[in-house]
Amino acid sequence: MTILYEDNHIIIVNKASGEIVQGDKTGDKPLSEIVKEYLKEKYNKPGNVFCGVTHRLDRPTTGIVVFAKTSKALSRLNEMFRYDKVDKIYWAIVKNSPPNHEDTLIHWLKKNERNNKSTAFDNEKQGTKKAVMHYKIIGASENYFLLEVDLETGRHHQARTQLAKIGSPIKGDLKYGAKRSNADGSISLHARAISFIHPVSDTKIEVTAPVPEDNLWQSFEQ
C-alpha cells in the first residue's frame, strides 16, 4: 500500500490491481482493513480505528482511493462524491484507437447484477442511467494508445463500458471485449489524479498517483 496524502481527516492511497476497496463475498482482506491496521500501528491507537470508504475502484483497476479518518470527513466526502464535486482523471490504455482524437461520449448504461456487467445504449431505455465521459488521446506506442478519461458521471464500470462501446476496450479487460488478459490479471485502467476541496479545512487537495510498475505503463509516464 502506497500512501499519497494523509492529514487528520483523510488518507489517500494508490491501490494495486487485485486489491478490493471494501469487503465482499470473496472474504479477501480489503484495503479499508489494511489502512485501519496502518493507522492503528502508526498512531498506537487502542480499540477500533475509524476508516470510512468514500468511493470504490474495480478490483482489477489501479490508482487513487480516498478514505476518511473521521466521521465528519466521511459524511461530507460521501456527499461530494454523490454530487460530482470531486474531479477524477483516469488513464486508460487501449489497443484500438478511438474514432476521434478527443470526444465526449454520451450513452445510457444498464447494469446486469447477475454477471456484474453494464451495457451501453445509444438511446435511453427503461432501467438505464445517463453516462457522460470525455476522453482524449495523450500518448501512443507502437501497438497501444493512452487515453485521458474524465468521467462527468459515476456509473458502474462506466469507462470500461463506454470505451468498449466505441470499439476501444481497455487492454486486459476480457469482460468488455479485450482479446487477451494482462499477465497480472489487471486491466489497464488507472485512477491517475484527483482534486477536491478538503471536507474540513476547505483547502484545495490535488493528488496524482504514479502508474503501475509495468513496462508499458512506465513508457507512457516518461
# chains A, B, ... in the order shown; residues from 1 in each chain; ligands from 1

$ residues_around --residues "Pro60 of chain A" --least-positions-apart "5" --cutoff "8 Å" --atoms "only C-alpha atoms" --output "PyMOL selection string"
chain A and resi 17-19+185-187

$ write_last_selection --atoms "C-alpha atoms" --output "short mmCIF file (atom, residue, chain, number, x, y, z; two decimals), in the first residue's frame"
data_model
loop_
_atom_site.label_atom_id
_atom_site.label_comp_id
_atom_site.auth_asym_id
_atom_site.auth_seq_id
_atom_site.Cartn_x
_atom_site.Cartn_y
_atom_site.Cartn_z
CA SER A 17 -4.53 -4.33 -9.06
CA GLY A 18 -6.28 -7.22 -7.31
CA GLU A 19 -6.96 -5.30 -4.10
CA GLY A 185 -4.95 -10.08 -14.06
CA SER A 186 -5.21 -6.29 -14.10
CA ILE A 187 -6.95 -4.12 -16.63
#

$ closest_atom_pairs --of "segment 105-162 of chain A" --to "segment 196-220 of chain A" --cutoff "8 Å" --atoms "only C-alpha atoms" --output "Markdown table"
| residue | atom | partner | partner_atom | distance |
| --- | --- | --- | --- | --- |
| A:Gly139 | CA | A:Phe220 | CA | 6.7 |
| A:Ala140 | CA | A:Phe220 | CA | 7.8 |
| A:Leu146 | CA | A:Phe220 | CA | 7.4 |

$ closest_residue --among "A:Thr61, A:Ser97, A:Asn44, A:Thr54" --to "Lys15 of chain A" --atoms "only C-alpha atoms"
A:Thr61

$ closest_residue --among "A:Ile11, A:Met80, A:Ala183, A:Val132" --to "Gly52 of chain A" --atoms "only C-alpha atoms"
A:Ile11

$ residues_around --residues "Pro98 of chain A" --least-positions-apart "2" --cutoff "10 Å" --atoms "only C-alpha atoms" --output "list in words"
Val94, Lys95, Asn96, Asn100, His101, Glu102, Asp103, Tyr135, Lys136, Ile137, Phe145, Leu147, Leu163, Ala164, Ile166, Gly167, Ser168 and Pro169 of chain A

$ write_last_selection --atoms "C-alpha atoms" --output "PDB file, in the first residue's frame"
ATOM      1  CA  VAL A  94      -6.390   0.680 -25.419  1.00  0.00           C
ATOM      2  CA  LYS A  95      -5.320  -1.401 -28.428  1.00  0.00           C
ATOM      3  CA  ASN A  96      -7.756   0.141 -30.903  1.00  0.00           C
ATOM      4  CA  ASN A 100     -11.634  10.753 -32.735  1.00  0.00           C
ATOM      5  CA  HIS A 101      -8.542  12.271 -31.113  1.00  0.00           C
ATOM      6  CA  GLU A 102     -10.810  13.657 -28.385  1.00  0.00           C
ATOM      7  CA  ASP A 103     -14.534  13.448 -27.835  1.00  0.00           C
ATOM      8  CA  TYR A 135     -11.577  11.406 -23.461  1.00  0.00           C
ATOM      9  CA  LYS A 136      -8.511  12.461 -25.417  1.00  0.00           C
ATOM     10  CA  ILE A 137      -5.519  10.576 -26.767  1.00  0.00           C
ATOM     11  CA  PHE A 145      -2.900   4.307 -27.270  1.00  0.00           C
ATOM     12  CA  LEU A 147      -6.264   7.957 -23.201  1.00  0.00           C
ATOM     13  CA  LEU A 163     -14.799   2.648 -24.380  1.00  0.00           C
ATOM     14  CA  ALA A 164     -15.864  -0.873 -25.359  1.00  0.00           C
ATOM     15  CA  ILE A 166     -16.880   2.710 -29.366  1.00  0.00           C
ATOM     16  CA  GLY A 167     -14.641  -0.239 -30.246  1.00  0.00           C
ATOM     17  CA  SER A 168     -11.737   0.599 -27.921  1.00  0.00           C
ATOM     18  CA  PRO A 169     -11.922  -1.847 -24.989  1.00  0.00           C
TER      19      PRO A 169
END

$ residues_around --residues "Ala159 of chain A" --least-positions-apart "6" --cutoff "9 Å" --atoms "only C-alpha atoms" --output "short mmCIF file (atom, residue, chain, number, x, y, z; two decimals) with N, CA and C atoms, in the first residue's frame"
data_model
loop_
_atom_site.label_atom_id
_atom_site.label_comp_id
_atom_site.auth_asym_id
_atom_site.auth_seq_id
_atom_site.Cartn_x
_atom_site.Cartn_y
_atom_site.Cartn_z
N TYR A 90 -8.76 9.62 -15.14
CA TYR A 90 -8.25 8.26 -15.32
C TYR A 90 -7.34 8.21 -16.54
N ALA A 92 -6.23 5.33 -19.42
CA ALA A 92 -6.60 4.02 -19.93
C ALA A 92 -5.74 3.70 -21.15
N MET A 133 -18.89 10.99 -20.58
CA MET A 133 -17.45 10.80 -20.42
C MET A 133 -16.70 11.59 -21.48
N VAL A 149 -9.08 10.12 -19.45
CA VAL A 149 -10.53 9.97 -19.34
C VAL A 149 -11.05 10.78 -18.16
N ASP A 150 -12.05 11.61 -18.44
CA ASP A 150 -12.69 12.42 -17.40
C ASP A 150 -14.17 12.02 -17.35
N LEU A 151 -14.55 11.39 -16.25
CA LEU A 151 -15.93 10.92 -16.10
C LEU A 151 -16.79 12.03 -15.50
N ILE A 170 -10.58 -1.53 -23.01
CA ILE A 170 -9.34 -1.32 -22.25
C ILE A 170 -8.49 -2.59 -22.29
N LEU A 189 -6.47 0.30 -16.62
CA LEU A 189 -7.22 1.50 -16.24
C LEU A 189 -6.69 1.96 -14.89
#

$ decode --residues "segment 44-59 of chain A" --atoms "C-alpha atoms" --output "compact mmCIF listing (two decimals), in the first residue's frame"
# COMPACT_ATOMS: atom_id res chain seq x y z
CA ASN A 44 -0.61 3.43 18.55
CA LYS A 45 -4.40 3.55 18.88
CA PRO A 46 -6.20 1.22 21.27
CA GLY A 47 -9.52 -0.33 20.22
CA ASN A 48 -11.22 0.16 16.89
CA VAL A 49 -9.82 2.61 14.33
CA PHE A 50 -12.17 4.59 12.07
CA CYS A 51 -11.67 4.27 8.32
CA GLY A 52 -14.60 5.24 6.12
CA VAL A 53 -14.97 4.18 2.48
CA THR A 54 -15.91 7.20 0.34
CA HIS A 55 -15.83 5.61 -3.15
CA ARG A 56 -14.66 2.43 -4.86
CA LEU A 57 -12.41 1.25 -7.66
CA ASP A 58 -12.95 -2.02 -9.52
CA ARG A 59 -10.70 -4.84 -8.32
